[in-house]
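Note: the block below is final.txt and it holds compact mmCIF, C-alpha atoms.
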# COMPACT_ATOMS: atom_id res chain seq x y z
CA MET K 1 -85.21 -114.63 31.81
CA SER K 2 -82.39 -114.37 29.30
CA SER K 3 -78.81 -114.09 30.51
CA GLU K 4 -78.28 -111.68 27.61
CA ASP K 5 -80.19 -109.04 29.57
CA THR K 6 -78.37 -106.62 31.83
CA ILE K 7 -79.77 -106.73 35.35
CA PHE K 8 -79.45 -104.53 38.42
CA ALA K 9 -80.47 -104.69 42.07
CA LEU K 10 -79.74 -103.28 45.49
CA ALA K 11 -77.02 -105.61 46.79
CA SER K 12 -77.00 -104.21 50.33
CA GLY K 13 -79.82 -104.51 52.84
CA ALA K 14 -83.03 -102.57 52.44
CA GLY K 15 -83.66 -99.55 54.65
CA ARG K 16 -81.66 -96.52 55.71
CA ALA K 17 -77.89 -96.95 56.06
CA GLY K 18 -74.70 -94.99 55.66
CA ILE K 19 -73.83 -96.82 52.44
CA ALA K 20 -75.90 -98.66 49.85
CA VAL K 21 -74.51 -100.86 47.06
CA LEU K 22 -76.16 -101.22 43.67
CA ARG K 23 -74.92 -104.04 41.43
CA LEU K 24 -75.28 -104.32 37.67
CA SER K 25 -74.41 -107.39 35.60
CA GLY K 26 -74.59 -108.06 31.88
CA PRO K 27 -73.42 -106.79 28.49
CA ALA K 28 -74.67 -103.22 29.05
CA ALA K 29 -73.22 -102.77 32.56
CA GLY K 30 -70.25 -100.75 31.31
CA GLN K 31 -72.50 -98.63 29.10
CA ALA K 32 -74.70 -97.89 32.11
CA LEU K 33 -71.72 -96.80 34.22
CA GLU K 34 -70.54 -94.43 31.49
CA ALA K 35 -74.05 -92.96 31.22
CA LEU K 36 -74.43 -92.52 34.98
CA SER K 37 -70.94 -91.14 35.67
CA GLY K 38 -70.54 -89.12 32.48
CA GLY K 39 -67.01 -90.42 32.00
CA PRO K 40 -65.00 -93.37 30.70
CA LEU K 41 -64.83 -96.72 32.44
CA PRO K 42 -62.38 -96.75 35.37
CA GLN K 43 -59.48 -99.14 35.75
CA PRO K 44 -60.80 -102.65 36.46
CA ARG K 45 -61.23 -103.60 40.14
CA HIS K 46 -60.26 -100.12 41.38
CA ALA K 47 -62.72 -97.95 43.31
CA VAL K 48 -62.98 -94.43 41.87
CA ARG K 49 -64.99 -91.48 43.06
CA ALA K 50 -67.80 -90.47 40.73
CA SER K 51 -70.74 -88.10 40.55
CA PHE K 52 -73.76 -90.07 39.46
CA ARG K 53 -76.31 -88.27 37.34
CA ASN K 54 -79.63 -88.79 35.69
CA PRO K 55 -78.73 -89.86 32.13
CA ASP K 56 -81.77 -88.00 30.77
CA LYS K 57 -80.13 -85.37 28.54
CA GLU K 58 -83.13 -83.03 28.74
CA LYS K 59 -83.01 -82.77 32.55
CA PRO K 60 -79.45 -83.61 33.66
CA GLU K 61 -79.07 -83.68 37.44
CA ILE K 62 -76.39 -84.88 39.85
CA LEU K 63 -78.08 -87.46 42.07
CA ASP K 64 -75.26 -88.44 44.44
CA ASP K 65 -71.50 -88.70 44.87
CA GLY K 66 -70.04 -92.11 45.56
CA LEU K 67 -67.68 -94.85 44.41
CA ALA K 68 -67.80 -96.87 41.21
CA LEU K 69 -66.13 -100.22 40.56
CA TRP K 70 -65.80 -101.93 37.18
CA PHE K 71 -65.32 -105.70 36.85
CA PRO K 72 -65.02 -106.74 33.19
CA ALA K 73 -65.92 -110.31 32.26
CA PRO K 74 -64.94 -112.96 33.10
CA ALA K 75 -63.16 -111.73 36.26
CA SER K 76 -66.32 -110.92 38.21
CA PHE K 77 -68.80 -112.56 40.57
CA THR K 78 -71.20 -113.54 37.78
CA GLY K 79 -68.60 -114.05 35.06
CA GLU K 80 -70.22 -111.16 33.13
CA ASN K 81 -69.43 -107.46 33.00
CA VAL K 82 -70.26 -106.21 36.50
CA VAL K 83 -70.53 -102.71 37.96
CA GLU K 84 -70.92 -101.80 41.62
CA LEU K 85 -72.09 -98.35 42.69
CA HIS K 86 -71.48 -97.40 46.33
CA ILE K 87 -73.80 -94.54 47.19
CA HIS K 88 -75.30 -92.94 50.28
CA GLY K 89 -77.92 -95.18 51.83
CA GLY K 90 -80.84 -92.78 52.16
CA LEU K 91 -84.12 -94.08 50.77
CA ALA K 92 -84.58 -91.10 48.44
CA VAL K 93 -81.03 -91.47 47.09
CA ILE K 94 -81.52 -95.18 46.42
CA ASP K 95 -84.87 -94.56 44.74
CA ALA K 96 -83.42 -91.84 42.49
CA MET K 97 -80.47 -94.04 41.48
CA VAL K 98 -82.72 -97.01 40.73
CA LYS K 99 -84.87 -94.82 38.47
CA ALA K 100 -81.75 -93.49 36.74
CA ILE K 101 -80.41 -96.99 36.10
CA SER K 102 -83.82 -98.10 34.82
CA SER K 103 -83.73 -95.33 32.22
CA VAL K 104 -80.55 -96.73 30.65
CA PRO K 105 -81.36 -98.88 27.58
CA ASP K 106 -81.31 -102.67 27.97
CA MET K 107 -81.51 -102.61 31.77
CA ARG K 108 -84.04 -104.46 33.93
CA PRO K 109 -84.40 -105.28 37.65
CA ALA K 110 -82.90 -108.62 38.67
CA GLU K 111 -85.07 -111.53 39.72
CA PRO K 112 -84.45 -112.91 43.25
CA GLY K 113 -81.20 -114.89 43.24
CA GLU K 114 -80.45 -114.06 39.60
CA PHE K 115 -76.88 -112.86 40.22
CA SER K 116 -76.03 -116.16 41.90
CA ARG K 117 -77.82 -118.11 39.15
CA ARG K 118 -75.73 -116.40 36.49
CA ALA K 119 -72.56 -117.08 38.47
CA PHE K 120 -73.55 -120.76 38.66
CA GLU K 121 -74.36 -120.92 34.94
CA ASN K 122 -71.00 -119.34 34.12
CA GLY K 123 -69.08 -121.86 36.23
CA LYS K 124 -68.09 -119.49 39.03
CA PHE K 125 -69.21 -122.02 41.62
CA ASP K 126 -71.13 -125.29 41.79
CA LEU K 127 -74.61 -125.86 43.16
CA THR K 128 -73.43 -126.82 46.66
CA ALA K 129 -71.36 -123.63 46.89
CA ALA K 130 -74.38 -121.61 45.73
CA GLU K 131 -76.47 -123.18 48.49
CA GLY K 132 -73.68 -122.44 50.96
CA LEU K 133 -73.68 -118.79 49.91
CA ALA K 134 -77.43 -118.59 50.52
CA ASP K 135 -76.96 -120.21 53.94
CA LEU K 136 -74.15 -117.76 54.75
CA ILE K 137 -76.45 -114.83 54.06
CA GLU K 138 -79.15 -116.34 56.30
CA ALA K 139 -76.77 -117.48 59.09
CA GLU K 140 -77.74 -116.25 62.56
CA THR K 141 -75.32 -118.22 64.75
CA GLU K 142 -71.58 -118.83 64.71
CA ALA K 143 -72.08 -122.54 64.02
CA GLN K 144 -74.32 -121.75 61.05
CA ARG K 145 -71.76 -119.27 59.73
CA ARG K 146 -68.93 -121.79 59.94
CA GLN K 147 -70.91 -124.52 58.20
CA ALA K 148 -72.09 -122.19 55.45
CA ARG K 149 -68.59 -120.81 54.97
CA ARG K 150 -67.14 -124.29 54.46
CA GLN K 151 -69.84 -125.14 51.94
CA SER K 152 -69.58 -121.83 50.06
CA ARG K 153 -65.83 -122.42 49.62
CA GLY K 154 -66.59 -125.66 47.79
CA ALA K 155 -65.76 -128.21 50.51
CA LEU K 156 -68.89 -130.25 49.79
CA GLY K 157 -68.38 -130.09 46.04
CA SER K 158 -64.78 -131.29 46.41
CA LEU K 159 -65.99 -134.24 48.48
CA TYR K 160 -68.54 -135.22 45.84
CA ASP K 161 -65.92 -134.87 43.10
CA SER K 162 -63.61 -137.26 44.98
CA TRP K 163 -66.44 -139.80 45.26
CA ARG K 164 -67.10 -139.49 41.54
CA GLU K 165 -63.44 -140.11 40.68
CA ARG K 166 -63.36 -143.22 42.86
CA LEU K 167 -66.57 -144.55 41.31
CA ILE K 168 -65.11 -144.03 37.85
CA ARG K 169 -61.99 -145.94 38.89
CA ALA K 170 -64.09 -148.82 40.26
CA GLN K 171 -66.07 -148.90 37.02
CA ALA K 172 -62.85 -148.93 34.98
CA LEU K 173 -61.49 -151.86 37.00
CA MET K 174 -64.69 -153.86 36.43
CA GLU K 175 -64.69 -153.10 32.70
CA ALA K 176 -61.03 -154.06 32.43
CA ASP K 177 -61.72 -157.41 34.11
CA ILE K 178 -64.59 -158.08 31.67
CA ASP K 179 -62.94 -156.86 28.46
CA PHE K 180 -59.41 -158.15 29.04
CA SER K 181 -59.98 -161.27 31.13
CA ASP K 182 -57.92 -163.38 28.69
CA GLU K 183 -54.93 -161.07 28.76
CA ASP K 184 -52.11 -160.55 31.24
CA ILE K 185 -53.74 -158.21 33.77
CA PRO K 186 -53.72 -158.13 37.58
CA ASP K 187 -55.73 -160.95 39.13
CA ASP K 188 -57.90 -159.14 41.64
CA LEU K 189 -59.43 -156.23 39.69
CA VAL K 190 -62.91 -157.14 40.88
CA GLY K 191 -61.71 -157.27 44.48
CA ASP K 192 -60.13 -153.82 44.13
CA ALA K 193 -63.35 -152.44 42.64
CA LEU K 194 -65.43 -153.94 45.44
CA ALA K 195 -63.06 -152.50 48.04
CA ILE K 196 -63.50 -149.03 46.52
CA ALA K 197 -67.28 -149.45 46.44
CA GLY K 198 -67.37 -150.72 50.02
CA GLY K 199 -65.34 -147.79 51.28
CA LEU K 200 -67.59 -145.36 49.42
CA GLU K 201 -70.70 -146.98 50.86
CA LYS K 202 -69.44 -146.43 54.40
CA GLU K 203 -68.45 -142.81 53.71
CA ILE K 204 -71.74 -141.96 52.00
CA THR K 205 -73.78 -143.59 54.78
CA ALA K 206 -71.87 -141.65 57.42
CA HIS K 207 -72.27 -138.47 55.38
CA LEU K 208 -76.04 -138.94 55.11
CA ASP K 209 -76.32 -139.64 58.83
CA ASP K 210 -74.36 -136.47 59.54
CA GLY K 211 -76.61 -134.60 57.11
CA HIS K 212 -79.45 -134.71 59.63
CA HIS K 213 -77.21 -132.83 62.05
CA GLY K 214 -76.45 -130.31 59.31
CA GLU K 215 -80.15 -129.77 58.66
CA ARG K 216 -80.77 -129.10 62.35
CA LEU K 217 -77.83 -126.73 62.42
CA ARG K 218 -79.07 -124.87 59.35
CA ALA K 219 -82.70 -124.55 60.46
CA GLY K 220 -82.09 -124.19 64.18
CA LEU K 221 -84.33 -125.54 66.93
CA TYR K 222 -87.49 -124.09 68.42
CA LEU K 223 -87.89 -124.72 72.14
CA ALA K 224 -90.72 -123.70 74.45
CA ILE K 225 -90.19 -123.16 78.17
CA ILE K 226 -93.45 -124.01 79.92
CA GLY K 227 -94.45 -124.60 83.52
CA PRO K 228 -96.60 -123.34 86.40
CA PRO K 229 -96.34 -119.74 87.67
CA ASN K 230 -93.15 -118.86 89.58
CA ALA K 231 -91.43 -122.06 88.46
CA GLY K 232 -88.42 -120.04 87.26
CA LYS K 233 -89.16 -119.91 83.53
CA SER K 234 -88.16 -116.25 83.16
CA SER K 235 -85.01 -116.76 85.24
CA LEU K 236 -84.00 -119.72 83.08
CA LEU K 237 -84.65 -117.73 79.90
CA ASN K 238 -82.55 -114.82 81.17
CA ARG K 239 -79.72 -117.17 82.11
CA LEU K 240 -79.73 -118.76 78.65
CA ALA K 241 -79.98 -115.38 76.90
CA LYS K 242 -77.30 -113.87 79.18
CA ARG K 243 -79.44 -110.74 79.51
CA ASP K 244 -82.70 -109.56 81.07
CA ALA K 245 -85.04 -110.72 78.32
CA ALA K 246 -87.92 -111.28 80.75
CA ILE K 247 -89.00 -109.53 83.93
CA VAL K 248 -88.33 -111.57 87.07
CA SER K 249 -90.56 -111.04 90.11
CA ASP K 250 -91.77 -112.92 93.18
CA ILE K 251 -95.32 -112.04 92.14
CA ALA K 252 -96.93 -114.90 90.24
CA GLY K 253 -97.99 -114.24 86.64
CA THR K 254 -95.58 -111.35 85.98
CA THR K 255 -94.73 -112.63 82.50
CA ARG K 256 -97.97 -112.89 80.54
CA ASP K 257 -96.84 -112.37 76.93
CA VAL K 258 -94.90 -114.82 74.79
CA ILE K 259 -91.21 -113.87 74.69
CA ASP K 260 -89.14 -114.87 71.65
CA VAL K 261 -85.36 -114.97 72.02
CA HIS K 262 -82.71 -116.05 69.50
CA LEU K 263 -79.90 -117.96 71.20
CA ASP K 264 -76.45 -118.87 69.88
CA LEU K 265 -75.40 -121.71 72.18

Taking this structure as input, can you express it in the form of C-alpha cells?
Amino acid sequence: MSSEDTIFALASGAGRAGIAVLRLSGPAAGQALEALSGGPLPQPRHAVRASFRNPDKEKPEILDDGLALWFPAPASFTGENVVELHIHGGLAVIDAMVKAISSVPDMRPAEPGEFSRRAFENGKFDLTAAEGLADLIEAETEAQRRQARRQSRGALGSLYDSWRERLIRAQALMEADIDFSDEDIPDDLVGDALAIAGGLEKEITAHLDDGHHGERLRAGLYLAIIGPPNAGKSSLLNRLAKRDAAIVSDIAGTTRDVIDVHLDL
C-alpha cells in the first residue's frame, strides 16, 4: 500500500466502551476532520469539542459529539498529518463514524500495523522500538510490560548503535595500521582493534544468551498440574492464583474440566 494514501482505523479496543478512539493518518487527514466537524482545523495538539456529522451534503446528520485532536506533520506518531477522534464507544456510533470517514475522498481503512509501519518508515522509531511497542500492547504480566517498555523506548537500539560505533572504530584502527604503517603512528593499533573486538564478542555472546530468557519472558510458560485424584492439584492452583479458581473438596474427582489460569509470578 502507498504511504500517500490517508488511512484510518479504530485505535481503541473493539467492543462496547465509554470512549472509542478513531485515528486518521495521511495527507487528507486534515481535510477529513474539516468535513466531519464542519469547521476549521483546531489548534495543534489541543483537544477541542466537536459535533461529528455525516459529510454527505444531501443527508447531513449529526452522528456524535466528542473530542478532536489535530497533529500536523511531522510532530505526530506517524510523522504524517494525524487526526484523533474521541467518540462514544457504542457499536452503532463507531459503525456510523467509520462509514462517515469512509465517504471522505482519498480515505481507506488501515492495514494491520500500518500506523506503526509508517512511523518506522518516517524515522519515528527503529525496528527494535517497533517490536517493543507491539510487545507492550500484548503484555500480560508486569515483567513483560517492563521489558517491552525498555525496548519501546529504544534501549535495545541504543545498545546496537554503540556496538556499531565500536566496530567502526576497530575497523578504522586496522585500516590505519595497513595504510599508514610507514608513518609515525601509534605502535599497537592492531592490539587496540583486537581488544575492542574481543570486548564486543563477550558482550554479544552474553546478550544472545540472555535473549533466550527474554524470549521466555515474552512468550510466557505453559505448565500443566497433573496427578492422581485428591493429590491437591486444585489447592495448589488456588494458592498460585491467589483466588478460588478451582473447587476444592474432599470428594475425589471434583474437578473434571481443564482449568486455565493466567499467572503473573

Practice item. Identify, on the basis of only C-alpha atoms, every residue whose closest approach to Ile87 (chain K) does not exceed 12 Å; exclude the query and any residue fewer than 6 positions from it along the same chain; express the result as a count of residues only. Key: 29

How close does each residue of region 169-217 of chain K get to region 158-165 of chain K, giving the shortest atom pair and distance in Å to one decimal for every residue with an atom at most 10 Å away, counting all atoms listed in the file, sorted by chain and residue number, as JSON lines?
{"residue": "K:Arg169", "atom": "CA", "partner": "K:Glu165", "partner_atom": "CA", "distance": 6.3}
{"residue": "K:Ala170", "atom": "CA", "partner": "K:Glu165", "partner_atom": "CA", "distance": 8.7}
{"residue": "K:Gln171", "atom": "CA", "partner": "K:Glu165", "partner_atom": "CA", "distance": 9.9}
{"residue": "K:Ile196", "atom": "CA", "partner": "K:Trp163", "partner_atom": "CA", "distance": 9.8}
{"residue": "K:Ala197", "atom": "CA", "partner": "K:Trp163", "partner_atom": "CA", "distance": 9.8}
{"residue": "K:Leu200", "atom": "CA", "partner": "K:Trp163", "partner_atom": "CA", "distance": 7.0}
{"residue": "K:Glu203", "atom": "CA", "partner": "K:Trp163", "partner_atom": "CA", "distance": 9.2}
{"residue": "K:Ile204", "atom": "CA", "partner": "K:Trp163", "partner_atom": "CA", "distance": 8.8}

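Of the residues under consideration (K:Leu221, K:Leu189, K:Ala245, K:Leu41), K:Ala245 shows the shortest atom-to-atom contact distance to Asp257 (chain K) when counting only C-alpha atoms.
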
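Taking CA of Ile259 (chain K) and CA of Pro228 (chain K) as endpoints, the distance between them is 16.0 Å.
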
Exercise for review: Considering only C-alpha atoms, return as a PyMOL selection string whatever protein or nucleic-acid residues lie within 10 Å of Pro40 (chain K), sequence-local ones (same chain, fewer than 6 positions apart) excluded.
Suggested key: chain K and resi 30-31+33-34

Review point. With distances taken over all atoms listed in the file, which of K:Leu167, K:Ala246, K:Ile62, K:Val104 is nearest to Ala29 (chain K)?
Key: K:Val104

**Study point:** Spatial neighbours of Thr128 (chain K), max dist 10 Å, all atoms listed in the file, sep filter under 5 positions, as a VMD selection string
**Key:** chain K and resid 133 to 134 151 to 158 160

Practice item. Could you check how far CA of Pro72 (chain K) sits from CA of Ile7 (chain K), in Å to one decimal? Key: 14.9 Å
